[in-house]
Amino acid sequence: MKVELRATPFDPLLELGCYQAGLDERLSGRYGATAIFIGTMRDFNDGDTVQEMTLEHYPGMTERHLQRIVESAAREWPLLDALLIHRIGALQPNDPIVLAAVWSAQRAEAFAACRFIMEELKSKAPFWKRERTAAGPRWVAHNTPG
Amino acid sequence: MKVELRATPFDPLLELGCYQAGLDERLSGRYGATAIFIGTMRDFNDGDTVQEMTLEHYPGMTERHLQRIVESAAREWPLLDALLIHRIGALQPNDPIVLAAVWSAQRAEAFAACRFIMEELKSKAPFWKRERTAAGPRWVAHNTPG
Amino acid sequence: MAVRIKYFASLRDRLGRAEDRLDPAVALTVAEVWATLWPDTPLPPNTLAAVNMEYASPEQTVRDGDEVAFFPPVTGG
Amino acid sequence: MAVRIKYFASLRDRLGRAEDRLDPAVALTVAEVWATLWPDTPLPPNTLAAVNMEYASPEQTVRDGDEVAFFPPVTGG
């Protein structure tokens, strides 16, 4: 299991490939299902064009809660492994924001756990988005419902 | 949207990367959510070690139904794009079987559509798995519930 | 009237062949196609049927030129 | 008794500072910490609080050495 904050752009597919290469040494042939979610920065929100975004977090609390969310998922479902990477700092449109991936024997638990991780993250992990639009900067007031 | 059968091994992350590169030319900044499922061949099933697997299909009917499943998902949810690749032929443990990916503005529809595509595929697309075990070959009788 | 019949997977192995052909004098349903070809073998439980690559009920009428398929529950994905 | 207070995101911008420090003579709740520091500013609706990086209710008692944080609804992912 790996949980990580990234201050610079990352490539979710490359991260997945690298992580899975290590995972395959231990788990080759054991997992039948991988459910993955990638959140990407859009260039629009609430009807406005967004030029840039900054992701603020609460150092210490954010890492602790991300870790706990993944551990909760692993207690709730029989996961073989999980990977969670979340950006902080300045993002451009089309930059990946978050990657959540879980590996399990069968698909039901993979889908459920991946969804759970994202919903928990969206509602509990202390991150805040500030968008830069033509009208100036603004804080995103709340996340869209899951 | 792309739906494809593959007679030889494929790398889901490489396929995703290539497909998304083309997609980014059209949709960069428009999608905020990508939900992905990868099904992988396990080396065990129903308590037995599986050495090899063959995926049979019904040429024509399989392609038609896969296409229809993805089109149904795109009618049901506001998807920006979708990719579905499914293996046929002889597979070894740890070989990818299926890749389903959907891109949308927000996460709820991405999760729902990806799950829908997999459940529909599992229940309706005419594929049949034959496993080779130490005791000889056997047909998989039914899929696990979603 | 000519009807092509296909069998897949475990059903094909069990029957020992992949295809059949039927030239019935009268219109038949999917169930009657099976019963005509396999009078001594009841359709195995859970067997699915398709007509021209669309899922079909046992009562569906088969037309000239149709392709009828019988197969076990699908196990893809 | 020493308590550190942190503010994040839009709340920090609104208050014009990121941190505070309080040395109350008696034990306070989370709500009382806010009221002591910002007597003229009611806690904005939907504001969340944490004590030592765990979500906390307004009624939770703050202890010596605790870190109290106030922040708006989270918007990660």
# chains A, B, ... in the order shown; residues from 1 in each chain; ligands from 1
>>> calpha_fit_and_write(fixed="chain B", moving="chain A", output="CSV table (one decimal) with N, CA and C atoms, in the first residue's frame")
chain,number,residue,atom,x,y,z
A,1,MET,N,-14.8,6.8,-29.1
A,1,MET,CA,-15.2,5.5,-28.5
A,1,MET,C,-14.5,4.4,-29.3
A,2,LYS,N,-13.9,3.5,-28.6
A,2,LYS,CA,-13.3,2.4,-29.3
A,2,LYS,C,-13.6,1.1,-28.5
A,3,VAL,N,-14.0,0.1,-29.3
A,3,VAL,CA,-14.3,-1.3,-28.8
A,3,VAL,C,-13.5,-2.3,-29.6
A,4,GLU,N,-12.8,-3.1,-28.9
A,4,GLU,CA,-11.9,-4.0,-29.7
A,4,GLU,C,-11.7,-5.3,-29.1
A,5,LEU,N,-11.6,-6.4,-29.9
A,5,LEU,CA,-11.2,-7.7,-29.4
A,5,LEU,C,-9.7,-7.9,-29.8
A,6,ARG,N,-9.0,-8.5,-28.9
A,6,ARG,CA,-7.5,-8.7,-29.1
A,6,ARG,C,-7.2,-10.2,-29.0
A,7,ALA,N,-6.5,-10.7,-30.0
A,7,ALA,CA,-6.2,-12.1,-30.1
A,7,ALA,C,-4.8,-12.4,-29.4
A,8,THR,N,-4.1,-11.3,-29.1
A,8,THR,CA,-2.8,-11.5,-28.5
A,8,THR,C,-2.7,-10.6,-27.2
A,9,PRO,N,-1.7,-10.9,-26.4
A,9,PRO,CA,-1.6,-10.1,-25.1
A,9,PRO,C,-1.5,-8.6,-25.4
A,10,PHE,N,-2.1,-7.8,-24.5
A,10,PHE,CA,-2.0,-6.4,-24.6
A,10,PHE,C,-1.7,-5.8,-23.2
A,11,ASP,N,-1.1,-4.6,-23.2
A,11,ASP,CA,-0.7,-3.8,-22.0
A,11,ASP,C,-1.8,-2.8,-21.8
A,12,PRO,N,-2.7,-2.9,-20.8
A,12,PRO,CA,-3.8,-2.0,-20.6
A,12,PRO,C,-3.3,-0.5,-20.3
A,13,LEU,N,-2.2,-0.4,-19.6
A,13,LEU,CA,-1.7,1.0,-19.3
A,13,LEU,C,-1.2,1.6,-20.6
A,14,LEU,N,-0.5,0.9,-21.4
A,14,LEU,CA,0.0,1.4,-22.7
A,14,LEU,C,-1.2,1.8,-23.6
A,15,GLU,N,-2.2,0.9,-23.6
A,15,GLU,CA,-3.4,1.2,-24.5
A,15,GLU,C,-4.0,2.4,-24.0
A,16,LEU,N,-4.2,2.6,-22.7
A,16,LEU,CA,-4.8,3.8,-22.1
A,16,LEU,C,-4.0,5.0,-22.4
A,17,GLY,N,-2.7,4.9,-22.3
A,17,GLY,CA,-1.8,6.1,-22.6
A,17,GLY,C,-2.0,6.5,-24.1
A,18,CYS,N,-1.9,5.5,-25.0
A,18,CYS,CA,-2.1,5.9,-26.4
A,18,CYS,C,-3.4,6.4,-26.7
A,19,TYR,N,-4.5,5.8,-26.2
A,19,TYR,CA,-5.8,6.3,-26.5
A,19,TYR,C,-6.0,7.7,-25.9
A,20,GLN,N,-5.5,7.9,-24.7
A,20,GLN,CA,-5.7,9.2,-24.1
A,20,GLN,C,-4.9,10.3,-24.8
A,21,ALA,N,-3.8,10.0,-25.4
A,21,ALA,CA,-3.1,11.0,-26.1
A,21,ALA,C,-3.9,11.5,-27.3
A,22,GLY,N,-4.6,10.6,-27.9
A,22,GLY,CA,-5.5,11.1,-29.0
A,22,GLY,C,-6.7,11.8,-28.5
A,23,LEU,N,-7.2,11.4,-27.4
A,23,LEU,CA,-8.4,12.0,-26.7
A,23,LEU,C,-8.0,13.4,-26.2
A,24,ASP,N,-6.8,13.6,-25.7
A,24,ASP,CA,-6.4,14.9,-25.2
A,24,ASP,C,-6.4,15.9,-26.3
A,25,GLU,N,-6.2,15.5,-27.6
A,25,GLU,CA,-6.2,16.5,-28.6
A,25,GLU,C,-7.6,17.1,-28.8
A,26,ARG,N,-8.6,16.4,-28.5
A,26,ARG,CA,-10.0,16.9,-28.6
A,26,ARG,C,-10.6,17.4,-27.2
A,27,LEU,N,-10.2,16.7,-26.2
A,27,LEU,CA,-10.9,16.9,-24.9
A,27,LEU,C,-10.0,17.4,-23.7
A,28,SER,N,-8.8,17.9,-24.0
A,28,SER,CA,-8.0,18.4,-23.0
A,28,SER,C,-8.7,19.4,-22.1
A,29,GLY,N,-8.7,19.2,-20.8
A,29,GLY,CA,-9.3,20.2,-19.9
A,29,GLY,C,-10.8,20.0,-19.7
A,30,ARG,N,-11.4,19.1,-20.5
A,30,ARG,CA,-12.9,18.9,-20.4
A,30,ARG,C,-13.2,17.7,-19.5
A,31,TYR,N,-12.4,16.8,-19.4
A,31,TYR,CA,-12.7,15.6,-18.5
A,31,TYR,C,-12.1,15.8,-17.1
A,32,GLY,N,-12.8,15.5,-16.1
A,32,GLY,CA,-12.3,15.6,-14.8
A,32,GLY,C,-12.2,14.2,-14.1
A,33,ALA,N,-12.8,13.3,-14.8
A,33,ALA,CA,-12.9,11.9,-14.1
A,33,ALA,C,-12.6,10.8,-15.2
A,34,THR,N,-11.8,9.9,-14.8
A,34,THR,CA,-11.5,8.7,-15.6
A,34,THR,C,-11.7,7.5,-14.7
A,35,ALA,N,-12.6,6.6,-15.0
A,35,ALA,CA,-12.8,5.4,-14.2
A,35,ALA,C,-12.4,4.2,-15.1
A,36,ILE,N,-11.5,3.4,-14.5
A,36,ILE,CA,-10.9,2.3,-15.3
A,36,ILE,C,-11.1,1.0,-14.6
A,37,PHE,N,-11.3,0.0,-15.3
A,37,PHE,CA,-11.3,-1.4,-14.7
A,37,PHE,C,-10.4,-2.3,-15.6
A,38,ILE,N,-9.6,-3.0,-14.9
A,38,ILE,CA,-8.7,-4.0,-15.6
A,38,ILE,C,-9.0,-5.4,-15.0
A,39,GLY,N,-9.4,-6.3,-15.9
A,39,GLY,CA,-9.5,-7.7,-15.4
A,39,GLY,C,-8.3,-8.5,-15.8
A,40,THR,N,-7.8,-9.2,-14.9
A,40,THR,CA,-6.5,-9.9,-15.1
A,40,THR,C,-6.7,-11.4,-14.8
A,41,MET,N,-6.0,-12.3,-15.6
A,41,MET,CA,-6.2,-13.7,-15.4
A,41,MET,C,-5.5,-14.1,-14.1
A,42,ARG,N,-6.2,-14.8,-13.2
A,42,ARG,CA,-5.6,-15.3,-12.0
A,42,ARG,C,-5.1,-16.7,-12.2
A,43,ASP,N,-4.2,-17.1,-11.3
A,43,ASP,CA,-3.6,-18.5,-11.4
A,43,ASP,C,-4.4,-19.5,-10.5
A,44,PHE,N,-5.6,-19.0,-10.1
A,44,PHE,CA,-6.4,-20.0,-9.3
A,44,PHE,C,-7.8,-19.6,-9.5
A,45,ASN,N,-8.7,-20.6,-9.4
A,45,ASN,CA,-10.1,-20.4,-9.5
A,45,ASN,C,-10.8,-21.6,-8.9
A,46,ASP,N,-11.9,-21.3,-8.1
A,46,ASP,CA,-12.6,-22.4,-7.5
A,46,ASP,C,-11.7,-23.4,-6.7
A,47,GLY,N,-10.7,-22.9,-6.1
A,47,GLY,CA,-9.8,-23.7,-5.3
A,47,GLY,C,-8.7,-24.5,-6.1
A,48,ASP,N,-8.6,-24.3,-7.4
A,48,ASP,CA,-7.6,-25.0,-8.1
A,48,ASP,C,-6.6,-24.1,-8.8
A,49,THR,N,-5.4,-24.6,-9.0
A,49,THR,CA,-4.4,-23.8,-9.7
A,49,THR,C,-4.8,-23.9,-11.2
A,50,VAL,N,-4.8,-22.7,-11.9
A,50,VAL,CA,-5.1,-22.6,-13.3
A,50,VAL,C,-3.8,-22.3,-14.1
A,51,GLN,N,-3.5,-23.2,-15.0
A,51,GLN,CA,-2.2,-23.0,-15.7
A,51,GLN,C,-2.3,-22.2,-17.0
A,52,GLU,N,-3.5,-22.2,-17.6
A,52,GLU,CA,-3.7,-21.5,-18.8
A,52,GLU,C,-5.2,-21.3,-19.0
A,53,MET,N,-5.6,-20.4,-19.8
A,53,MET,CA,-7.0,-20.2,-20.1
A,53,MET,C,-7.2,-19.8,-21.5
A,54,THR,N,-8.4,-20.3,-22.1
A,54,THR,CA,-8.7,-20.0,-23.5
A,54,THR,C,-10.0,-19.2,-23.4
A,55,LEU,N,-10.1,-18.1,-24.1
A,55,LEU,CA,-11.3,-17.3,-24.2
A,55,LEU,C,-11.9,-17.5,-25.6
A,56,GLU,N,-13.0,-18.2,-25.6
A,56,GLU,CA,-13.8,-18.4,-26.8
A,56,GLU,C,-14.8,-17.3,-27.0
A,57,HIS,N,-15.2,-16.9,-28.2
A,57,HIS,CA,-16.2,-15.9,-28.3
A,57,HIS,C,-17.1,-16.3,-29.6
A,58,TYR,N,-18.1,-15.5,-29.8
A,58,TYR,CA,-19.0,-15.8,-30.9
A,58,TYR,C,-18.8,-14.6,-31.9
A,59,PRO,N,-17.9,-14.9,-32.9
A,59,PRO,CA,-17.5,-13.8,-33.8
A,59,PRO,C,-18.8,-13.1,-34.4
A,60,GLY,N,-18.8,-11.8,-34.3
A,60,GLY,CA,-19.9,-11.0,-34.8
A,60,GLY,C,-20.8,-10.6,-33.7
A,61,MET,N,-21.3,-11.6,-33.0
A,61,MET,CA,-22.2,-11.3,-31.9
A,61,MET,C,-21.5,-10.6,-30.7
A,62,THR,N,-20.3,-11.1,-30.5
A,62,THR,CA,-19.5,-10.5,-29.4
A,62,THR,C,-19.2,-9.0,-29.6
A,63,GLU,N,-18.7,-8.7,-30.8
A,63,GLU,CA,-18.4,-7.3,-31.2
A,63,GLU,C,-19.7,-6.5,-31.1
A,64,ARG,N,-20.8,-7.0,-31.6
A,64,ARG,CA,-22.0,-6.2,-31.6
A,64,ARG,C,-22.5,-5.9,-30.2
A,65,HIS,N,-22.4,-6.9,-29.3
A,65,HIS,CA,-22.9,-6.6,-28.0
A,65,HIS,C,-21.9,-5.7,-27.2
A,66,LEU,N,-20.6,-5.9,-27.4
A,66,LEU,CA,-19.7,-5.0,-26.7
A,66,LEU,C,-20.0,-3.5,-27.1
A,67,GLN,N,-20.1,-3.3,-28.4
A,67,GLN,CA,-20.4,-2.0,-29.0
A,67,GLN,C,-21.7,-1.4,-28.4
A,68,ARG,N,-22.7,-2.3,-28.3
A,68,ARG,CA,-24.0,-1.8,-27.8
A,68,ARG,C,-23.9,-1.5,-26.3
A,69,ILE,N,-23.1,-2.3,-25.5
A,69,ILE,CA,-23.0,-2.0,-24.1
A,69,ILE,C,-22.4,-0.6,-23.9
A,70,VAL,N,-21.3,-0.3,-24.7
A,70,VAL,CA,-20.7,1.0,-24.5
A,70,VAL,C,-21.6,2.1,-25.0
A,71,GLU,N,-22.4,1.9,-26.0
A,71,GLU,CA,-23.3,2.9,-26.5
A,71,GLU,C,-24.4,3.1,-25.5
A,72,SER,N,-24.9,2.0,-24.8
A,72,SER,CA,-25.9,2.2,-23.8
A,72,SER,C,-25.4,3.0,-22.6
A,73,ALA,N,-24.1,2.8,-22.3
A,73,ALA,CA,-23.5,3.6,-21.2
A,73,ALA,C,-23.5,5.0,-21.6
A,74,ALA,N,-23.1,5.3,-22.8
A,74,ALA,CA,-23.0,6.7,-23.3
A,74,ALA,C,-24.4,7.4,-23.4
A,75,ARG,N,-25.4,6.6,-23.6
A,75,ARG,CA,-26.8,7.2,-23.6
A,75,ARG,C,-27.2,7.5,-22.1
A,76,GLU,N,-26.8,6.6,-21.2
A,76,GLU,CA,-27.3,6.7,-19.8
A,76,GLU,C,-26.6,7.8,-19.1
A,77,TRP,N,-25.3,8.0,-19.3
A,77,TRP,CA,-24.5,9.0,-18.6
A,77,TRP,C,-23.8,9.9,-19.6
A,78,PRO,N,-23.5,11.1,-19.2
A,78,PRO,CA,-22.8,12.0,-20.1
A,78,PRO,C,-21.3,11.7,-20.2
A,79,LEU,N,-21.0,10.7,-21.0
A,79,LEU,CA,-19.6,10.3,-21.1
A,79,LEU,C,-18.9,11.2,-22.3
A,80,LEU,N,-17.7,11.5,-22.1
A,80,LEU,CA,-16.9,12.2,-23.1
A,80,LEU,C,-16.2,11.2,-24.0
A,81,ASP,N,-15.9,10.0,-23.5
A,81,ASP,CA,-15.2,9.0,-24.3
A,81,ASP,C,-15.2,7.7,-23.5
A,82,ALA,N,-15.0,6.6,-24.2
A,82,ALA,CA,-14.9,5.3,-23.6
A,82,ALA,C,-14.0,4.3,-24.4
A,83,LEU,N,-13.3,3.4,-23.8
A,83,LEU,CA,-12.4,2.5,-24.4
A,83,LEU,C,-12.7,1.1,-23.8
A,84,LEU,N,-12.9,0.1,-24.7
A,84,LEU,CA,-13.2,-1.2,-24.2
A,84,LEU,C,-12.3,-2.2,-25.0
A,85,ILE,N,-11.4,-2.9,-24.4
A,85,ILE,CA,-10.6,-3.9,-25.1
A,85,ILE,C,-10.8,-5.3,-24.3
A,86,HIS,N,-11.0,-6.3,-25.1
A,86,HIS,CA,-11.2,-7.6,-24.5
A,86,HIS,C,-10.4,-8.7,-25.2
A,87,ARG,N,-9.7,-9.5,-24.4
A,87,ARG,CA,-8.9,-10.6,-25.0
A,87,ARG,C,-9.8,-11.7,-25.5
A,88,ILE,N,-9.3,-12.4,-26.5
A,88,ILE,CA,-9.8,-13.7,-26.9
A,88,ILE,C,-8.5,-14.6,-27.1
A,89,GLY,N,-8.7,-15.9,-27.2
A,89,GLY,CA,-7.6,-16.8,-27.4
A,89,GLY,C,-7.0,-17.3,-26.1
A,90,ALA,N,-5.7,-17.7,-26.2
A,90,ALA,CA,-5.0,-18.3,-25.1
A,90,ALA,C,-4.3,-17.3,-24.2
A,91,LEU,N,-4.6,-17.4,-22.9
A,91,LEU,CA,-4.0,-16.5,-21.9
A,91,LEU,C,-3.2,-17.3,-20.9
A,92,GLN,N,-2.2,-16.6,-20.4
A,92,GLN,CA,-1.4,-17.1,-19.2
A,92,GLN,C,-1.8,-16.3,-18.0
A,93,PRO,N,-1.5,-16.9,-16.8
A,93,PRO,CA,-1.8,-16.2,-15.6
A,93,PRO,C,-1.1,-14.8,-15.6
A,94,ASN,N,-1.8,-13.8,-15.1
A,94,ASN,CA,-1.4,-12.4,-15.0
A,94,ASN,C,-1.6,-11.7,-16.3
A,95,ASP,N,-2.1,-12.4,-17.4
A,95,ASP,CA,-2.4,-11.6,-18.6
A,95,ASP,C,-3.6,-10.8,-18.4
A,96,PRO,N,-3.7,-9.6,-18.9
A,96,PRO,CA,-4.9,-8.8,-18.9
A,96,PRO,C,-6.0,-9.5,-19.8
A,97,ILE,N,-7.2,-9.5,-19.2
A,97,ILE,CA,-8.4,-10.0,-20.0
A,97,ILE,C,-9.2,-8.9,-20.6
A,98,VAL,N,-9.4,-7.9,-19.8
A,98,VAL,CA,-10.3,-6.8,-20.2
A,98,VAL,C,-9.9,-5.5,-19.7
A,99,LEU,N,-10.0,-4.4,-20.5
A,99,LEU,CA,-9.8,-3.1,-20.0
A,99,LEU,C,-11.1,-2.3,-20.4
A,100,ALA,N,-11.6,-1.6,-19.4
A,100,ALA,CA,-12.8,-0.7,-19.6
A,100,ALA,C,-12.5,0.6,-19.0
A,101,ALA,N,-12.5,1.7,-19.8
A,101,ALA,CA,-12.2,3.0,-19.3
A,101,ALA,C,-13.2,4.0,-19.8
A,102,VAL,N,-13.7,4.9,-18.9
A,102,VAL,CA,-14.6,6.0,-19.4
A,102,VAL,C,-14.1,7.3,-18.9
A,103,TRP,N,-14.3,8.3,-19.7
A,103,TRP,CA,-14.0,9.7,-19.3
A,103,TRP,C,-15.2,10.5,-19.3
A,104,SER,N,-15.3,11.3,-18.2
A,104,SER,CA,-16.5,12.2,-18.1
A,104,SER,C,-16.1,13.5,-17.3
A,105,ALA,N,-17.0,14.4,-17.2
A,105,ALA,CA,-16.7,15.7,-16.5
A,105,ALA,C,-16.5,15.4,-15.0
A,106,GLN,N,-17.4,14.6,-14.5
A,106,GLN,CA,-17.4,14.4,-13.0
A,106,GLN,C,-17.4,12.9,-12.7
A,107,ARG,N,-17.1,12.6,-11.4
A,107,ARG,CA,-16.8,11.2,-11.0
A,107,ARG,C,-18.0,10.3,-10.9
A,108,ALA,N,-19.1,10.8,-10.5
A,108,ALA,CA,-20.3,9.9,-10.3
A,108,ALA,C,-20.6,9.1,-11.6
A,109,GLU,N,-20.7,9.8,-12.7
A,109,GLU,CA,-21.0,9.2,-13.9
A,109,GLU,C,-19.9,8.3,-14.4
A,110,ALA,N,-18.6,8.6,-14.2
A,110,ALA,CA,-17.5,7.8,-14.6
A,110,ALA,C,-17.6,6.4,-13.9
A,111,PHE,N,-17.7,6.5,-12.5
A,111,PHE,CA,-17.8,5.3,-11.7
A,111,PHE,C,-19.0,4.4,-12.2
A,112,ALA,N,-20.1,5.1,-12.3
A,112,ALA,CA,-21.4,4.3,-12.7
A,112,ALA,C,-21.3,3.7,-14.0
A,113,ALA,N,-20.8,4.4,-15.0
A,113,ALA,CA,-20.7,3.9,-16.4
A,113,ALA,C,-19.7,2.8,-16.5
A,114,CYS,N,-18.5,2.9,-15.8
A,114,CYS,CA,-17.5,1.8,-15.9
A,114,CYS,C,-18.0,0.6,-15.2
A,115,ARG,N,-18.7,0.7,-14.1
A,115,ARG,CA,-19.3,-0.5,-13.5
A,115,ARG,C,-20.4,-1.1,-14.3
A,116,PHE,N,-21.2,-0.3,-14.9
A,116,PHE,CA,-22.3,-0.7,-15.8
A,116,PHE,C,-21.7,-1.5,-17.0
A,117,ILE,N,-20.7,-1.0,-17.6
A,117,ILE,CA,-20.0,-1.7,-18.7
A,117,ILE,C,-19.5,-3.1,-18.3
A,118,MET,N,-18.9,-3.1,-17.2
A,118,MET,CA,-18.4,-4.4,-16.7
A,118,MET,C,-19.5,-5.4,-16.4
A,119,GLU,N,-20.5,-4.9,-15.7
A,119,GLU,CA,-21.6,-5.9,-15.4
A,119,GLU,C,-22.4,-6.3,-16.6
A,120,GLU,N,-22.6,-5.5,-17.5
A,120,GLU,CA,-23.2,-5.8,-18.8
A,120,GLU,C,-22.4,-6.8,-19.6
A,121,LEU,N,-21.1,-6.5,-19.6
A,121,LEU,CA,-20.2,-7.4,-20.4
A,121,LEU,C,-20.2,-8.8,-19.7
A,122,LYS,N,-20.1,-8.8,-18.4
A,122,LYS,CA,-20.1,-10.1,-17.7
A,122,LYS,C,-21.3,-10.9,-17.9
A,123,SER,N,-22.5,-10.3,-18.1
A,123,SER,CA,-23.7,-11.0,-18.2
A,123,SER,C,-24.2,-11.2,-19.6
A,124,LYS,N,-23.7,-10.4,-20.5
A,124,LYS,CA,-24.3,-10.4,-21.9
A,124,LYS,C,-23.4,-10.7,-23.0
A,125,ALA,N,-22.1,-10.3,-22.9
A,125,ALA,CA,-21.2,-10.5,-24.0
A,125,ALA,C,-20.8,-12.0,-24.2
A,126,PRO,N,-21.0,-12.6,-25.4
A,126,PRO,CA,-20.7,-14.0,-25.5
A,126,PRO,C,-19.3,-14.4,-25.6
A,127,PHE,N,-18.7,-14.6,-24.4
A,127,PHE,CA,-17.4,-15.1,-24.2
A,127,PHE,C,-17.5,-16.3,-23.3
A,128,TRP,N,-16.6,-17.2,-23.4
A,128,TRP,CA,-16.6,-18.4,-22.6
A,128,TRP,C,-15.1,-18.8,-22.2
A,129,LYS,N,-14.9,-19.0,-21.0
A,129,LYS,CA,-13.5,-19.3,-20.5
A,129,LYS,C,-13.4,-20.8,-20.3
A,130,ARG,N,-12.3,-21.3,-20.9
A,130,ARG,CA,-11.9,-22.7,-20.6
A,130,ARG,C,-10.6,-22.7,-19.9
A,131,GLU,N,-10.5,-23.3,-18.7
A,131,GLU,CA,-9.3,-23.3,-17.9
A,131,GLU,C,-8.6,-24.6,-18.1
A,132,ARG,N,-7.2,-24.6,-18.0
A,132,ARG,CA,-6.5,-25.8,-18.0
A,132,ARG,C,-5.9,-25.9,-16.6
A,133,THR,N,-6.3,-27.0,-15.9
A,133,THR,CA,-5.8,-27.2,-14.5
A,133,THR,C,-5.0,-28.5,-14.5
A,134,ALA,N,-4.4,-28.8,-13.4
A,134,ALA,CA,-3.7,-30.1,-13.3
A,134,ALA,C,-4.6,-31.3,-13.6
A,135,ALA,N,-5.9,-31.2,-13.3
A,135,ALA,CA,-6.8,-32.3,-13.6
A,135,ALA,C,-7.3,-32.3,-15.0
A,136,GLY,N,-6.8,-31.3,-15.8
A,136,GLY,CA,-7.3,-31.3,-17.2
A,136,GLY,C,-8.1,-30.0,-17.5
A,137,PRO,N,-8.6,-29.9,-18.7
A,137,PRO,CA,-9.3,-28.7,-19.0
A,137,PRO,C,-10.8,-28.7,-18.5
A,138,ARG,N,-11.3,-27.5,-18.2
A,138,ARG,CA,-12.7,-27.4,-17.8
A,138,ARG,C,-13.3,-26.1,-18.2
A,139,TRP,N,-14.5,-26.0,-18.5
A,139,TRP,CA,-15.2,-24.8,-18.8
A,139,TRP,C,-15.6,-24.1,-17.5
A,140,VAL,N,-15.4,-22.8,-17.4
A,140,VAL,CA,-15.9,-22.0,-16.3
A,140,VAL,C,-17.4,-22.0,-16.4
A,141,ALA,N,-18.1,-22.4,-15.4
A,141,ALA,CA,-19.6,-22.5,-15.5
A,141,ALA,C,-20.3,-21.2,-15.4
A,142,HIS,N,-19.9,-20.3,-14.6
A,142,HIS,CA,-20.6,-19.0,-14.6
A,142,HIS,C,-19.6,-18.0,-13.9
A,143,ASN,N,-19.9,-16.7,-14.2
A,143,ASN,CA,-19.2,-15.6,-13.6
A,143,ASN,C,-19.6,-15.4,-12.1
A,144,THR,N,-18.6,-14.8,-11.4
A,144,THR,CA,-19.0,-14.4,-10.0
A,144,THR,C,-19.9,-13.2,-10.1
A,145,PRO,N,-20.8,-13.1,-9.1
A,145,PRO,CA,-21.8,-12.0,-9.1
A,145,PRO,C,-21.0,-10.6,-9.0
A,146,GLY,N,-21.6,-9.6,-9.5
A,146,GLY,CA,-20.9,-8.3,-9.5
A,146,GLY,C,-21.2,-7.6,-8.2
>>> residues_around(residues="segment 5-21 of chain D", least_positions_apart="3", cutoff="6 Å", atoms="only C-alpha atoms", output="tab-separated table (two decimals) with C-alpha atoms, in the first residue's frame")
chain	number	residue	atom	x	y	z
D	67	GLU	CA	-3.27	22.17	17.94
D	68	VAL	CA	-6.71	23.44	16.92
D	69	ALA	CA	-7.52	24.07	13.26
D	70	PHE	CA	-10.45	25.81	11.61
D	71	PHE	CA	-11.14	25.45	7.90
>>> select_by_dssp(residues="chain A", states="helix (DSSP H, G or I)", output="ChimeraX atom specification")
/A:12-27,61-76,107-124
>>> closest_residue(among="D:Val33, D:Met1, D:Val74, D:Val26", to="Val51 of chain D", atoms="only C-alpha atoms")
D:Val33
>>> select_by_dssp(residues="chain A", states="strand (DSSP E)", output="number ranges by chain")
A: 2-6, 33-40, 44-45, 48-57, 79-87, 89-91, 96-104, 127-133, 136-139
>>> atom_distance(atom1="atom CA of Thr47 of chain C", atom2="atom CA of Pro73 of chain C")
6.5 Å
>>> decode(residues="segment 14-46 of chain C", atoms="C-alpha atoms", output="PDB file, in the first residue's frame")
ATOM      1  CA  ARG C  14     -20.886 -32.010 -25.271  1.00  0.00           C
ATOM      2  CA  LEU C  15     -22.729 -32.309 -28.582  1.00  0.00           C
ATOM      3  CA  GLY C  16     -19.545 -33.080 -30.459  1.00  0.00           C
ATOM      4  CA  ARG C  17     -20.138 -30.509 -33.150  1.00  0.00           C
ATOM      5  CA  ALA C  18     -20.053 -26.773 -33.760  1.00  0.00           C
ATOM      6  CA  GLU C  19     -22.675 -26.345 -36.476  1.00  0.00           C
ATOM      7  CA  ASP C  20     -25.824 -27.806 -37.906  1.00  0.00           C
ATOM      8  CA  ARG C  21     -28.131 -27.022 -40.750  1.00  0.00           C
ATOM      9  CA  LEU C  22     -31.871 -27.470 -40.910  1.00  0.00           C
ATOM     10  CA  ASP C  23     -34.337 -27.186 -43.797  1.00  0.00           C
ATOM     11  CA  PRO C  24     -37.701 -27.443 -42.070  1.00  0.00           C
ATOM     12  CA  ALA C  25     -40.869 -27.537 -44.169  1.00  0.00           C
ATOM     13  CA  VAL C  26     -42.731 -25.315 -41.687  1.00  0.00           C
ATOM     14  CA  ALA C  27     -41.774 -22.378 -39.481  1.00  0.00           C
ATOM     15  CA  LEU C  28     -40.246 -23.459 -36.173  1.00  0.00           C
ATOM     16  CA  THR C  29     -39.579 -21.763 -32.860  1.00  0.00           C
ATOM     17  CA  VAL C  30     -36.111 -21.741 -31.314  1.00  0.00           C
ATOM     18  CA  ALA C  31     -37.199 -24.555 -28.966  1.00  0.00           C
ATOM     19  CA  GLU C  32     -38.518 -26.565 -31.910  1.00  0.00           C
ATOM     20  CA  VAL C  33     -35.256 -26.124 -33.799  1.00  0.00           C
ATOM     21  CA  TRP C  34     -33.448 -27.730 -30.880  1.00  0.00           C
ATOM     22  CA  ALA C  35     -36.044 -30.491 -30.451  1.00  0.00           C
ATOM     23  CA  THR C  36     -35.876 -31.317 -34.160  1.00  0.00           C
ATOM     24  CA  LEU C  37     -32.097 -31.595 -34.145  1.00  0.00           C
ATOM     25  CA  TRP C  38     -31.733 -33.261 -30.740  1.00  0.00           C
ATOM     26  CA  PRO C  39     -34.914 -35.274 -30.137  1.00  0.00           C
ATOM     27  CA  ASP C  40     -33.212 -37.363 -27.434  1.00  0.00           C
ATOM     28  CA  THR C  41     -31.389 -34.507 -25.667  1.00  0.00           C
ATOM     29  CA  PRO C  42     -33.365 -31.947 -23.693  1.00  0.00           C
ATOM     30  CA  LEU C  43     -31.925 -28.436 -23.939  1.00  0.00           C
ATOM     31  CA  PRO C  44     -29.518 -28.249 -20.946  1.00  0.00           C
ATOM     32  CA  PRO C  45     -30.701 -25.923 -18.160  1.00  0.00           C
ATOM     33  CA  ASN C  46     -29.379 -22.345 -18.403  1.00  0.00           C
TER      34      ASN C  46
END
